[in-house]
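*Asks:* Below is protein28.pdb; it holds PDB, C-alpha atoms.
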```pdb
ATOM      1  CA  MET A   1      33.433 -39.114 -10.477
ATOM      2  CA  ASN A   2      36.117 -37.608  -8.290
ATOM      3  CA  GLU A   3      36.449 -34.082  -7.029
ATOM      4  CA  PHE A   4      38.648 -32.900  -9.892
ATOM      5  CA  GLU A   5      36.134 -33.951 -12.526
ATOM      6  CA  TRP A   6      33.354 -32.313 -10.558
ATOM      7  CA  ARG A   7      35.320 -29.040 -10.374
ATOM      8  CA  ARG A   8      36.040 -29.175 -14.120
ATOM      9  CA  GLN A   9      32.334 -29.589 -14.852
ATOM     10  CA  MET A  10      31.543 -26.683 -12.561
ATOM     11  CA  ARG A  11      34.062 -24.461 -14.409
ATOM     12  CA  ASP A  12      32.466 -25.420 -17.709
ATOM     13  CA  LEU A  13      29.123 -24.190 -16.422
ATOM     14  CA  ARG A  14      30.558 -20.665 -16.033
ATOM     15  CA  GLN A  15      30.875 -20.329 -19.794
ATOM     16  CA  PRO A  16      28.168 -18.320 -21.598
ATOM     17  CA  LEU A  17      25.625 -20.439 -23.435
ATOM     18  CA  SER A  18      23.672 -19.118 -26.396
ATOM     19  CA  PRO A  19      20.184 -20.412 -27.162
ATOM     20  CA  ARG A  20      19.591 -22.792 -30.039
ATOM     21  CA  GLN A  21      17.244 -20.338 -31.746
ATOM     22  CA  ASP A  22      16.782 -16.574 -31.611
ATOM     23  CA  LEU A  23      14.189 -15.850 -28.922
ATOM     24  CA  TRP A  24      13.574 -12.194 -29.787
ATOM     25  CA  ALA A  25      11.934 -12.996 -33.107
ATOM     26  CA  SER A  26       9.233 -15.115 -31.466
ATOM     27  CA  ILE A  27       8.711 -12.535 -28.674
ATOM     28  CA  ASP A  28       8.366  -9.725 -31.212
ATOM     29  CA  ALA A  29       5.854 -11.764 -33.240
ATOM     30  CA  ALA A  30       3.789 -12.516 -30.136
ATOM     31  CA  LEU A  31       3.696  -8.819 -29.224
ATOM     32  CA  ASP A  32       2.630  -7.864 -32.749
ATOM     33  CA  ASP A  33      -0.207 -10.410 -32.573
ATOM     34  CA  ALA A  34      -1.355  -9.056 -29.202
ATOM     35  CA  GLU A  35      -1.548  -5.379 -30.302
ATOM     36  CA  PRO A  36      -4.791  -5.693 -32.324
ATOM     37  CA  ALA A  37      -6.464  -7.546 -29.462
ATOM     38  CA  ILE A  38      -5.523  -4.793 -27.009
ATOM     39  CA  ALA A  39      -6.580  -1.994 -29.365
ATOM     40  CA  HIS A  40     -10.312  -2.801 -29.173
ATOM     41  CA  LEU A  41     -10.426  -3.070 -25.353
ATOM     42  CA  PRO A  42     -12.139  -0.140 -23.607
ATOM     43  CA  MET A  43      -9.599   2.107 -21.917
ATOM     44  CA  ALA A  44     -10.130   3.211 -18.325
ATOM     45  CA  ASN A  45     -10.013   6.929 -17.684
ATOM     46  CA  GLY A  46      -7.732   6.454 -14.676
ATOM     47  CA  PRO A  47      -8.657   7.268 -11.112
ATOM     48  CA  SER A  48     -11.341   9.782 -12.128
ATOM     49  CA  ARG A  49     -13.419   6.942 -13.607
ATOM     50  CA  ASN A  50     -15.415   6.660 -10.390
ATOM     51  CA  PRO A  51     -14.694   9.587  -8.066
ATOM     52  CA  ARG A  52     -17.247   8.345  -5.533
ATOM     53  CA  ARG A  53     -14.986   5.392  -4.676
ATOM     54  CA  TRP A  54     -12.154   7.767  -3.882
ATOM     55  CA  LEU A  55     -14.444   9.892  -1.750
ATOM     56  CA  ILE A  56     -15.598   6.857   0.240
ATOM     57  CA  ALA A  57     -12.035   5.624   0.719
ATOM     58  CA  ALA A  58     -10.827   9.066   1.813
ATOM     59  CA  SER A  59     -13.686   9.492   4.274
ATOM     60  CA  PHE A  60     -13.029   6.039   5.735
ATOM     61  CA  ALA A  61      -9.329   6.826   6.149
ATOM     62  CA  ALA A  62     -10.150  10.150   7.825
ATOM     63  CA  SER A  63     -12.573   8.413  10.201
ATOM     64  CA  VAL A  64      -9.972   5.839  11.206
ATOM     65  CA  LEU A  65      -7.396   8.562  11.735
ATOM     66  CA  LEU A  66      -9.806  10.619  13.860
ATOM     67  CA  ALA A  67     -10.772   7.597  15.979
ATOM     68  CA  GLY A  68      -7.101   6.733  16.515
ATOM     69  CA  ALA A  69      -6.279  10.298  17.563
ATOM     70  CA  ILE A  70      -9.185  10.375  20.027
ATOM     71  CA  GLY A  71      -8.156   7.022  21.503
ATOM     72  CA  TRP A  72      -4.540   8.091  21.836
ATOM     73  CA  HIS A  73      -5.549  11.357  23.503
ATOM     74  CA  ALA A  74      -7.872   9.565  25.936
ATOM     75  CA  ARG A  75      -5.137   7.108  26.832
ATOM     76  CA  GLN A  76      -2.658   9.901  27.491
ATOM     77  CA  ALA A  77      -5.176  11.803  29.631
ATOM     78  CA  SER A  78      -5.921   8.875  31.941
ATOM     79  CA  ILE A  79      -2.947   8.908  34.311
ATOM     80  CA  PRO A  80      -3.429   6.593  37.314
ATOM     81  CA  ALA A  81      -4.091   8.253  40.682
ATOM     82  CA  HIS A  82      -0.875   7.084  42.353
ATOM     83  CA  VAL A  83       1.148   8.489  39.433
ATOM     84  CA  ALA A  84      -0.604  11.836  39.819
ATOM     85  CA  SER A  85       0.117  11.868  43.550
ATOM     86  CA  ALA A  86       3.733  10.973  42.861
ATOM     87  CA  GLN A  87       3.966  13.840  40.394
ATOM     88  CA  ARG A  88       2.633  16.237  43.029
ATOM     89  CA  THR A  89       5.249  15.092  45.510
ATOM     90  CA  ALA A  90       7.944  15.371  42.841
ATOM     91  CA  SER A  91       7.808  19.141  42.977
ATOM     92  CA  SER A  92       8.687  19.085  46.682
ATOM     93  CA  ALA A  93      12.133  17.492  46.531
ATOM     94  CA  TRP A  94      12.944  16.254  50.020
ATOM     95  CA  LYS A  95      16.534  16.111  51.198
ATOM     96  CA  PRO A  96      17.333  14.891  54.689
ATOM     97  CA  ALA A  97      19.860  16.720  56.862
ATOM     98  CA  ASP A  98      21.819  13.529  57.535
ATOM     99  CA  PRO A  99      24.380  13.120  54.704
ATOM    100  CA  ARG A 100      24.151   9.318  54.942
ATOM    101  CA  LEU A 101      20.454   9.478  54.108
ATOM    102  CA  ALA A 102      20.806  12.270  51.520
ATOM    103  CA  GLY A 103      22.462   9.985  48.963
ATOM    104  CA  ALA A 104      19.721   7.377  49.314
ATOM    105  CA  ALA A 105      17.067  10.104  49.015
ATOM    106  CA  THR A 106      18.660  11.385  45.809
ATOM    107  CA  GLN A 107      18.823   7.890  44.310
ATOM    108  CA  LEU A 108      15.224   7.099  45.220
ATOM    109  CA  ASP A 109      14.028  10.426  43.818
ATOM    110  CA  ALA A 110      15.872   9.807  40.523
ATOM    111  CA  ALA A 111      14.425   6.275  40.318
ATOM    112  CA  ARG A 112      10.918   7.611  40.966
ATOM    113  CA  MET A 113      11.262  10.228  38.219
ATOM    114  CA  GLU A 114      12.527   7.617  35.725
ATOM    115  CA  LEU A 115       9.629   5.329  36.594
ATOM    116  CA  GLN A 116       7.150   8.161  36.102
ATOM    117  CA  GLN A 117       8.569   8.817  32.639
ATOM    118  CA  ALA A 118       8.340   5.126  31.799
ATOM    119  CA  ILE A 119       4.732   5.003  33.026
ATOM    120  CA  GLN A 120       3.874   7.958  30.797
ATOM    121  CA  GLN A 121       5.081   5.898  27.840
ATOM    122  CA  ALA A 122       3.355   2.690  28.980
ATOM    123  CA  PRO A 123       0.575   3.668  31.420
ATOM    124  CA  ASP A 124      -0.991   0.183  31.508
ATOM    125  CA  SER A 125       2.157  -1.603  32.679
ATOM    126  CA  PRO A 126       1.479  -3.237  36.054
ATOM    127  CA  ALA A 127       5.178  -3.973  36.574
ATOM    128  CA  LEU A 128       6.114  -0.287  36.283
ATOM    129  CA  GLN A 129       3.279   0.691  38.604
ATOM    130  CA  ARG A 130       4.436  -1.879  41.192
ATOM    131  CA  LEU A 131       8.002  -0.561  40.966
ATOM    132  CA  LEU A 132       6.791   3.006  41.411
ATOM    133  CA  MET A 133       4.726   2.051  44.474
ATOM    134  CA  ARG A 134       7.710   0.156  45.942
ATOM    135  CA  THR A 135       9.998   3.150  45.329
ATOM    136  CA  GLU A 136       7.503   5.511  46.978
ATOM    137  CA  HIS A 137       7.237   3.100  49.914
ATOM    138  CA  GLN A 138      11.035   3.114  50.262
ATOM    139  CA  GLN A 139      11.010   6.926  50.166
ATOM    140  CA  ASN A 140       8.405   6.970  52.939
ATOM    141  CA  GLN A 141      10.524   4.570  54.989
ATOM    142  CA  LEU A 142      13.538   6.824  54.479
ATOM    143  CA  ARG A 143      11.515   9.867  55.578
ATOM    144  CA  GLN A 144      10.402   7.959  58.686
ATOM    145  CA  LEU A 145      13.988   6.960  59.418
ATOM    146  CA  ALA A 146      15.123  10.590  59.063
ATOM    147  CA  SER A 147      12.388  11.839  61.372
ATOM    148  CA  ASP A 148      13.239   9.151  63.970
ATOM    149  CA  ALA A 149      16.916  10.127  63.859
ATOM    150  CA  ARG A 150      16.162  13.724  64.925
TER     151      ARG A 150
END
```
Take the structure in the file and give it back as structure tokens.

*Replies:*
Amino acid sequence: MNEFEWRRQMRDLRQPLSPRQDLWASIDAALDDAEPAIAHLPMANGPSRNPRRWLIAASFAASVLLAGAIGWHARQASIPAHVASAQRTASSAWKPADPRLAGAATQLDAARMELQQAIQQAPDSPALQRLLMRTEHQQNQLRQLASDAR
């Protein structure tokens, strides 16, 4: 079989094909036979059949929601001590008199504020906490350099 014959056979497969016998007649007969069997089955009254199940499920969902809210609130309330100290020093923006050091102070202050925001979103991240401590250390070094230059 070459490629041309294969393509011709593929084109022939695109043509609609009708079944050898009518399928709807047998489907309709099977549904008619099933109706009497379904008629004598007891019908459920819907969700009100057992309201106690719904009450138990709703109370369980409320308990899980309450526990999640308490956990989230506790996690948000527990800010590490060095973050709290950094937030206190954030209000006192320090700007050295030397213009060469002022640019570095501005950059370090912006980096510290961005790190504090990131730590608020992920307070358990040791990498962010290390970066914040390193940035604060660099700010302290810059302050020391500015005081030595006076």

*Asks:* Hey, can I get the axis-aligned box for range 101-111 of chain A? All listed atoms, 4 Å padding on each side, centre and edge lengths in Å to one decimal, as AutoDock Vina command-line options.

*Replies:*
```
--center_x 18.2 --center_y 9.3 --center_z 47.2 --size_x 16.4 --size_y 14.0 --size_z 21.8
```

*Asks:* Please compute the CA of Arg150 in chain A-CA of Pro99 in chain A distance, one decimal, in Å.

*Replies:* 13.1 Å

*Asks:* Quote the spacing between CA of Ser147 in chain A and CA of Ala111 in chain A in Å to one decimal place.

*Replies:*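 Distance reported for this atom pair: 21.9 Å.
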
*Asks:* I need the residue nearest Ala104 in chain A from this list: A:Ser26, A:Gln138, A:Gln120, A:Gln76. Use only C-alpha atoms for the distance.

*Replies:* A:Gln138

*Asks:* Excluding Leu142 in chain A and residues on its chain fewer than 3 positions from it, collect all residues at most 9 Å away from it, counting only C-alpha atoms, and give them as a ChimeraX atom specification.

*Replies:* /A:96,101,104-105,137-139,145-147

*Asks:* Please write the residues picked by the PyMOL selection byres ((chain A and resi 135) around 12) on this file as a PyMOL selection string.

*Replies:* chain A and resi 82-83+86+104-116+128-134+136-142

*Asks:* Could you check how far CA of Trp6 in chain A sits from CA of Ser18 in chain A, in Å to one decimal?

*Replies:*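 Interatomic distance, CA of Trp6 in chain A to CA of Ser18 in chain A: 22.8 Å.
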